[in-house]
Amino acid sequence: MALEQLNLPKVGEEVGIISTNYGDIKVRFFPEIAPKAVENFKTHSRNGYYDNVTFHRVMNEFMIQGGDPQGTGRGGESIWGKSFEDEFDINYRNIRGALSMANAGPGTNGSQFFIVQKTETEKELIKQMRQLGEKKGYPDEVADAYEEFGGTCWLDYKHTVFGHVYEGMDIVDKIAAVKVDRNSKPIEPVVIESIKIVEYE
């Protein structure tokens, strides 16, 4: 049995279309396991909060991060004007394509988010997952997904996974490959033109 996280959206489900100057990235959401993070992202998107905001931190074979109106990595706030708590689930993980909350430690979620881009999970880490097993937080389905798709398993239970890319990982890869400075900031801005929340057809 594959993880629900990896499935396509259902017809009528609300999805997000992140339009960038490199193309569109389409994401589905997990309101049943991360209701606050999803509400925060959808409301900010509908209000235009993310329009013309950059992916300010891009690391190839890791992730692309955006959602800070200042573009520094230190700005942005939640729709409630304060940090909100983490939301974790054993079956929703930082597998390649995961849409997760960026933070500065436990319970410090604001407006910033990242998309996991890493294409491989090290064999040693997969082995450790299988040894730990479900009782220690690694069901077979999770280890299988990391082995097949890649990802950043060390971010699990540190960053809330609230969505997943179902179309446009080629765009994520293109963005991840741009030239960056020593702070992992793209030399030429990678811009979120808009994020539309629409029903999946």
# chains A, B, ... in the order shown; residues from 1 in each chain; ligands from 1

$ residues_around --residues "Gly150 (chain A)" --least-positions-apart "5" --cutoff "10 Å" --atoms "only C-alpha atoms" --output "list in words"
Glu61, Phe62, Asn94, Ile95, Arg96, Gly97, Val116, Gln117, Lys118, Thr119, Glu120, Thr121, Glu122, Ile126, Ala143, Asp144 and Ala145 of chain A

$ residues_around --residues "Thr43 (chain A)" --least-positions-apart "5" --cutoff "12 Å" --atoms "only C-alpha atoms" --output "PDB file with C-alpha atoms, in the first residue's frame"
ATOM      1  CA  GLY A  16      -2.879  25.178  -5.431  1.00  0.00           C
ATOM      2  CA  PRO A  35      -5.404  22.057   9.141  1.00  0.00           C
ATOM      3  CA  LYS A  36      -3.650  25.191  10.406  1.00  0.00           C
ATOM      4  CA  ALA A  37      -0.787  25.080   7.891  1.00  0.00           C
ATOM      5  CA  VAL A  38      -3.246  24.498   5.022  1.00  0.00           C
ATOM      6  CA  GLY A  48      -2.187  37.762  -2.760  1.00  0.00           C
ATOM      7  CA  TYR A  49       0.340  37.653   0.092  1.00  0.00           C
ATOM      8  CA  TYR A  50       2.710  35.469  -1.948  1.00  0.00           C
ATOM      9  CA  SER A  78       1.027  33.744   9.603  1.00  0.00           C
ATOM     10  CA  ILE A  79      -2.548  34.878   8.887  1.00  0.00           C
ATOM     11  CA  TRP A  80      -3.014  35.083  12.681  1.00  0.00           C
ATOM     12  CA  SER A 111       4.442  32.218   6.106  1.00  0.00           C
ATOM     13  CA  ILE A 195      -0.756  31.171  -6.188  1.00  0.00           C
ATOM     14  CA  LYS A 196      -4.290  30.289  -7.223  1.00  0.00           C
ATOM     15  CA  ILE A 197      -6.505  27.988  -5.150  1.00  0.00           C
TER      16      ILE A 197
END

$ select_by_dssp --residues "region 58-176 of chain A" --states "alpha helix (DSSP H)" --output "count of residues only"
28

$ atom_distance --atom1 "CA of Asn21 (chain A)" --atom2 "CA of Ala102 (chain A)"
21.9 Å

$ residues_around --residues "region 128-131 of chain A" --least-positions-apart "4" --cutoff "12 Å" --atoms "only C-alpha atoms" --output "NGL selection string"
:A and (121-124 or 135-147 or 153-154)

$ residues_around --residues "Met59 (chain A)" --least-positions-apart "6" --cutoff "12 Å" --atoms "only C-alpha atoms" --output "list in words"
Gln65, Gly66, Phe114, Ile115, Val116, Gln117, Lys118, Val172, Asp173, Lys174, Ile175, Ala176, Ala177, Val178, Lys179, Val180, Asp181, Arg182, Asn183, Ser184, Lys185 and Pro186 of chain A

$ write_last_selection --atoms "N, CA and C atoms" --output "JSON list (two decimals), in the first residue's frame"
[["chain", "number", "residue", "atom", "x", "y", "z"],
["A", 65, "GLN", "N", 12.96, 27.18, -1.19],
["A", 65, "GLN", "CA", 12.21, 27.81, -0.10],
["A", 65, "GLN", "C", 11.76, 29.21, -0.49],
["A", 66, "GLY", "N", 10.51, 29.53, -0.14],
["A", 66, "GLY", "CA", 9.96, 30.86, -0.43],
["A", 66, "GLY", "C", 8.93, 31.25, 0.61],
["A", 114, "PHE", "N", 8.71, 25.38, 2.02],
["A", 114, "PHE", "CA", 9.67, 24.84, 1.06],
["A", 114, "PHE", "C", 9.10, 23.61, 0.38],
["A", 115, "ILE", "N", 9.69, 23.29, -0.78],
["A", 115, "ILE", "CA", 9.34, 22.07, -1.52],
["A", 115, "ILE", "C", 10.59, 21.20, -1.55],
["A", 116, "VAL", "N", 10.45, 19.96, -1.07],
["A", 116, "VAL", "CA", 11.58, 19.03, -1.04],
["A", 116, "VAL", "C", 11.92, 18.60, -2.47],
["A", 117, "GLN", "N", 13.21, 18.75, -2.84],
["A", 117, "GLN", "CA", 13.63, 18.46, -4.21],
["A", 117, "GLN", "C", 14.61, 17.28, -4.29],
["A", 118, "LYS", "N", 15.15, 16.86, -3.18],
["A", 118, "LYS", "CA", 16.21, 15.82, -3.15],
["A", 118, "LYS", "C", 15.74, 14.55, -3.86],
["A", 172, "VAL", "N", 10.26, 22.44, -10.39],
["A", 172, "VAL", "CA", 11.02, 22.48, -9.12],
["A", 172, "VAL", "C", 12.49, 22.17, -9.39],
["A", 173, "ASP", "N", 12.74, 21.15, -10.22],
["A", 173, "ASP", "CA", 14.13, 20.78, -10.56],
["A", 173, "ASP", "C", 14.84, 21.90, -11.32],
["A", 174, "LYS", "N", 14.11, 22.55, -12.22],
["A", 174, "LYS", "CA", 14.70, 23.68, -12.96],
["A", 174, "LYS", "C", 15.11, 24.80, -12.01],
["A", 175, "ILE", "N", 14.21, 25.11, -11.07],
["A", 175, "ILE", "CA", 14.50, 26.16, -10.09],
["A", 175, "ILE", "C", 15.68, 25.77, -9.22],
["A", 176, "ALA", "N", 15.71, 24.51, -8.81],
["A", 176, "ALA", "CA", 16.79, 24.03, -7.94],
["A", 176, "ALA", "C", 18.16, 24.14, -8.61],
["A", 177, "ALA", "N", 18.16, 24.13, -9.93],
["A", 177, "ALA", "CA", 19.42, 24.13, -10.69],
["A", 177, "ALA", "C", 19.94, 25.53, -11.02],
["A", 178, "VAL", "N", 19.22, 26.59, -10.61],
["A", 178, "VAL", "CA", 19.68, 27.94, -10.96],
["A", 178, "VAL", "C", 20.97, 28.29, -10.21],
["A", 179, "LYS", "N", 21.68, 29.27, -10.75],
["A", 179, "LYS", "CA", 22.91, 29.74, -10.09],
["A", 179, "LYS", "C", 22.54, 30.53, -8.85],
["A", 180, "VAL", "N", 23.28, 30.27, -7.75],
["A", 180, "VAL", "CA", 23.00, 30.95, -6.48],
["A", 180, "VAL", "C", 24.28, 31.57, -5.93],
["A", 181, "ASP", "N", 24.10, 32.50, -4.98],
["A", 181, "ASP", "CA", 25.26, 33.09, -4.32],
["A", 181, "ASP", "C", 25.67, 32.24, -3.11],
["A", 182, "ARG", "N", 26.57, 32.72, -2.31],
["A", 182, "ARG", "CA", 27.08, 31.93, -1.18],
["A", 182, "ARG", "C", 26.03, 31.69, -0.10],
["A", 183, "ASN", "N", 24.93, 32.47, -0.15],
["A", 183, "ASN", "CA", 23.84, 32.28, 0.81],
["A", 183, "ASN", "C", 22.69, 31.45, 0.23],
["A", 184, "SER", "N", 22.96, 30.80, -0.91],
["A", 184, "SER", "CA", 21.96, 29.97, -1.61],
["A", 184, "SER", "C", 20.79, 30.79, -2.15],
["A", 185, "LYS", "N", 21.03, 32.09, -2.37],
["A", 185, "LYS", "CA", 20.00, 32.96, -2.96],
["A", 185, "LYS", "C", 20.24, 33.02, -4.47],
["A", 186, "PRO", "N", 19.20, 32.78, -5.28],
["A", 186, "PRO", "CA", 19.38, 32.83, -6.73],
["A", 186, "PRO", "C", 19.94, 34.18, -7.20]]

$ residues_around --residues "Asp89 (chain A)" --least-positions-apart "2" --cutoff "12 Å" --atoms "only C-alpha atoms" --output "PyMOL selection string"
chain A and resi 3-5+30-35+86-87+91-94+137-139+142+156-162

$ write_last_selection --atoms "N, CA and C atoms" --output "compact mmCIF listing (two decimals), in the first residue's frame"
# COMPACT_ATOMS: atom_id res chain seq x y z
N LEU A 3 1.67 5.38 0.24
CA LEU A 3 1.21 6.46 1.11
C LEU A 3 0.16 7.32 0.42
N GLU A 4 -0.85 7.72 1.16
CA GLU A 4 -1.89 8.61 0.64
C GLU A 4 -1.27 9.91 0.12
N GLN A 5 -0.21 10.35 0.75
CA GLN A 5 0.49 11.57 0.36
C GLN A 5 0.86 11.60 -1.12
N PHE A 30 -3.27 18.73 2.57
CA PHE A 30 -3.69 17.71 3.53
C PHE A 30 -4.35 18.38 4.75
N PRO A 31 -5.56 18.96 4.55
CA PRO A 31 -6.22 19.67 5.64
C PRO A 31 -6.58 18.78 6.82
N GLU A 32 -6.73 17.47 6.55
CA GLU A 32 -7.12 16.57 7.63
C GLU A 32 -5.97 16.32 8.61
N ILE A 33 -4.71 16.50 8.17
CA ILE A 33 -3.59 16.25 9.08
C ILE A 33 -2.82 17.53 9.44
N ALA A 34 -2.98 18.57 8.65
CA ALA A 34 -2.29 19.84 8.95
C ALA A 34 -3.25 21.01 8.69
N PRO A 35 -4.38 21.04 9.44
CA PRO A 35 -5.40 22.06 9.14
C PRO A 35 -4.92 23.50 9.24
N ASP A 86 3.35 23.15 15.23
CA ASP A 86 3.63 22.13 14.23
C ASP A 86 2.49 21.10 14.20
N GLU A 87 2.33 20.45 13.05
CA GLU A 87 1.32 19.40 12.88
C GLU A 87 2.01 18.23 12.17
N ASN A 91 2.38 9.19 8.63
CA ASN A 91 2.27 8.82 7.21
C ASN A 91 2.45 9.98 6.23
N TYR A 92 2.82 11.15 6.73
CA TYR A 92 3.03 12.31 5.86
C TYR A 92 4.42 12.85 6.14
N ARG A 93 5.33 12.67 5.18
CA ARG A 93 6.74 12.88 5.43
C ARG A 93 7.40 13.77 4.37
N ASN A 94 8.67 14.12 4.61
CA ASN A 94 9.40 15.03 3.71
C ASN A 94 10.03 14.27 2.53
N GLY A 137 8.40 4.64 14.32
CA GLY A 137 8.01 5.75 13.44
C GLY A 137 8.31 5.58 11.97
N TYR A 138 8.70 4.36 11.55
CA TYR A 138 9.01 4.17 10.13
C TYR A 138 8.28 2.96 9.54
N PRO A 139 6.98 3.13 9.23
CA PRO A 139 6.25 2.06 8.55
C PRO A 139 6.94 1.72 7.22
N VAL A 142 6.63 4.18 4.37
CA VAL A 142 7.46 5.39 4.45
C VAL A 142 8.86 5.08 3.91
N ASP A 156 11.72 15.14 9.06
CA ASP A 156 10.47 14.63 9.61
C ASP A 156 10.37 14.96 11.09
N TYR A 157 9.16 15.32 11.51
CA TYR A 157 8.86 15.71 12.90
C TYR A 157 9.57 17.00 13.32
N LYS A 158 10.12 17.70 12.33
CA LYS A 158 10.68 19.04 12.58
C LYS A 158 9.96 20.08 11.72
N HIS A 159 9.48 19.65 10.55
CA HIS A 159 8.79 20.55 9.62
C HIS A 159 7.46 19.92 9.19
N THR A 160 6.39 20.68 9.35
CA THR A 160 5.05 20.20 9.01
C THR A 160 4.90 20.00 7.51
N VAL A 161 4.52 18.78 7.12
CA VAL A 161 4.20 18.47 5.72
C VAL A 161 2.70 18.73 5.55
N PHE A 162 2.34 19.72 4.72
CA PHE A 162 0.92 20.06 4.58
C PHE A 162 0.41 19.95 3.15

$ residues_around --residues "Gly12 (chain A)" --least-positions-apart "6" --cutoff "12 Å" --atoms "only C-alpha atoms" --output "PyMOL selection string"
chain A and resi 28+197-201

$ atom_distance --atom1 "CA of Gly105 (chain A)" --atom2 "CA of Glu77 (chain A)"
14.8 Å

$ decode --residues "region 40-172 of chain A" --atoms "C-alpha atoms" --output "compact mmCIF listing (two decimals), in the first residue's frame"
# COMPACT_ATOMS: atom_id res chain seq x y z
CA ASN A 40 -2.62 29.64 6.51
CA PHE A 41 -1.24 28.86 3.04
CA LYS A 42 -4.62 28.97 1.25
CA THR A 43 -5.66 32.24 2.91
CA HIS A 44 -2.31 33.92 2.18
CA SER A 45 -2.55 32.68 -1.43
CA ARG A 46 -6.09 33.99 -1.91
CA ASN A 47 -5.12 37.34 -0.37
CA GLY A 48 -2.19 37.76 -2.76
CA TYR A 49 0.34 37.65 0.09
CA TYR A 50 2.71 35.47 -1.95
CA ASP A 51 2.35 37.42 -5.23
CA ASN A 52 5.75 38.56 -6.57
CA VAL A 53 7.55 36.97 -3.60
CA THR A 54 10.76 35.09 -4.43
CA PHE A 55 12.16 31.66 -3.72
CA HIS A 56 14.93 33.24 -1.64
CA ARG A 57 16.78 30.03 -0.76
CA VAL A 58 17.50 27.36 -3.36
CA MET A 59 19.67 24.33 -2.74
CA ASN A 60 20.00 21.73 -5.49
CA GLU A 61 19.48 18.18 -4.22
CA PHE A 62 17.76 19.55 -1.12
CA MET A 63 14.85 22.00 -1.46
CA ILE A 64 13.54 25.36 -2.70
CA GLN A 65 12.21 27.81 -0.10
CA GLY A 66 9.96 30.86 -0.43
CA GLY A 67 7.07 32.71 1.16
CA ASP A 68 8.96 35.59 2.78
CA PRO A 69 7.74 38.98 1.44
CA GLN A 70 11.07 40.50 2.53
CA GLY A 71 13.00 37.91 0.50
CA THR A 72 15.57 37.58 3.29
CA GLY A 73 14.50 34.39 5.01
CA ARG A 74 13.78 36.31 8.20
CA GLY A 75 10.41 37.82 7.37
CA GLY A 76 6.78 36.90 6.94
CA GLU A 77 4.03 36.03 9.38
CA SER A 78 1.03 33.74 9.60
CA ILE A 79 -2.55 34.88 8.89
CA TRP A 80 -3.01 35.08 12.68
CA GLY A 81 -0.10 37.50 13.09
CA LYS A 82 1.79 35.09 15.33
CA SER A 83 3.59 31.75 15.12
CA PHE A 84 1.52 28.57 15.13
CA GLU A 85 2.23 25.03 16.23
CA ASP A 86 3.63 22.13 14.23
CA GLU A 87 1.32 19.40 12.88
CA PHE A 88 2.90 15.99 12.34
CA ASP A 89 1.63 12.61 11.12
CA ILE A 90 3.49 9.31 10.82
CA ASN A 91 2.27 8.82 7.21
CA TYR A 92 3.03 12.31 5.86
CA ARG A 93 6.74 12.88 5.43
CA ASN A 94 9.40 15.03 3.71
CA ILE A 95 9.53 12.82 0.62
CA ARG A 96 10.59 14.43 -2.69
CA GLY A 97 7.73 16.74 -3.70
CA ALA A 98 6.55 17.45 -0.16
CA LEU A 99 5.28 20.97 0.57
CA SER A 100 6.41 21.78 4.12
CA MET A 101 6.51 24.66 6.55
CA ALA A 102 9.86 26.38 7.07
CA ASN A 103 10.55 27.39 10.66
CA ALA A 104 13.14 28.54 13.18
CA GLY A 105 12.50 25.70 15.63
CA PRO A 106 9.47 24.00 17.22
CA GLY A 107 6.18 25.90 16.95
CA THR A 108 7.55 28.86 14.97
CA ASN A 109 5.54 28.53 11.72
CA GLY A 110 4.78 31.77 9.87
CA SER A 111 4.44 32.22 6.11
CA GLN A 112 7.55 30.53 4.75
CA PHE A 113 7.44 27.14 3.08
CA PHE A 114 9.67 24.84 1.06
CA ILE A 115 9.34 22.07 -1.52
CA VAL A 116 11.58 19.03 -1.04
CA GLN A 117 13.63 18.46 -4.21
CA LYS A 118 16.21 15.82 -3.15
CA THR A 119 16.15 12.95 -5.65
CA GLU A 120 17.72 10.19 -3.56
CA THR A 121 17.73 9.06 0.05
CA GLU A 122 21.02 7.54 1.13
CA LYS A 123 20.97 3.73 1.33
CA GLU A 124 22.25 3.80 4.90
CA LEU A 125 19.27 5.94 5.97
CA ILE A 126 16.82 3.56 4.25
CA LYS A 127 18.47 0.67 6.07
CA GLN A 128 18.09 2.47 9.40
CA MET A 129 14.40 3.16 8.69
CA ARG A 130 13.74 -0.50 7.97
CA GLN A 131 15.55 -1.52 11.16
CA LEU A 132 13.55 0.95 13.27
CA GLY A 133 10.23 -0.16 11.78
CA GLU A 134 6.71 1.09 12.42
CA LYS A 135 6.95 1.09 16.24
CA LYS A 136 9.80 3.59 16.00
CA GLY A 137 8.01 5.75 13.44
CA TYR A 138 9.01 4.17 10.13
CA PRO A 139 6.25 2.06 8.55
CA ASP A 140 7.33 0.05 5.48
CA GLU A 141 5.36 2.45 3.24
CA VAL A 142 7.46 5.39 4.45
CA ALA A 143 10.77 3.59 3.88
CA ASP A 144 9.52 2.41 0.45
CA ALA A 145 8.58 5.97 -0.56
CA TYR A 146 11.94 7.40 0.51
CA GLU A 147 13.73 4.60 -1.35
CA GLU A 148 11.72 5.10 -4.54
CA PHE A 149 11.42 8.89 -4.69
CA GLY A 150 14.12 10.38 -2.46
CA GLY A 151 13.62 13.09 0.13
CA THR A 152 14.90 14.61 3.35
CA CYS A 153 13.91 12.19 6.11
CA TRP A 154 15.90 14.09 8.75
CA LEU A 155 13.34 16.92 8.51
CA ASP A 156 10.47 14.63 9.61
CA TYR A 157 8.86 15.71 12.90
CA LYS A 158 10.68 19.04 12.58
CA HIS A 159 8.79 20.55 9.62
CA THR A 160 5.05 20.20 9.01
CA VAL A 161 4.20 18.47 5.72
CA PHE A 162 0.92 20.06 4.58
CA GLY A 163 0.89 19.36 0.85
CA HIS A 164 2.60 17.61 -2.06
CA VAL A 165 3.46 18.44 -5.67
CA TYR A 166 1.35 16.33 -8.05
CA GLU A 167 2.46 18.10 -11.24
CA GLY A 168 5.46 20.32 -12.02
CA MET A 169 8.39 18.62 -10.30
CA ASP A 170 10.30 19.34 -13.52
CA ILE A 171 9.81 23.05 -12.70
CA VAL A 172 11.02 22.48 -9.12
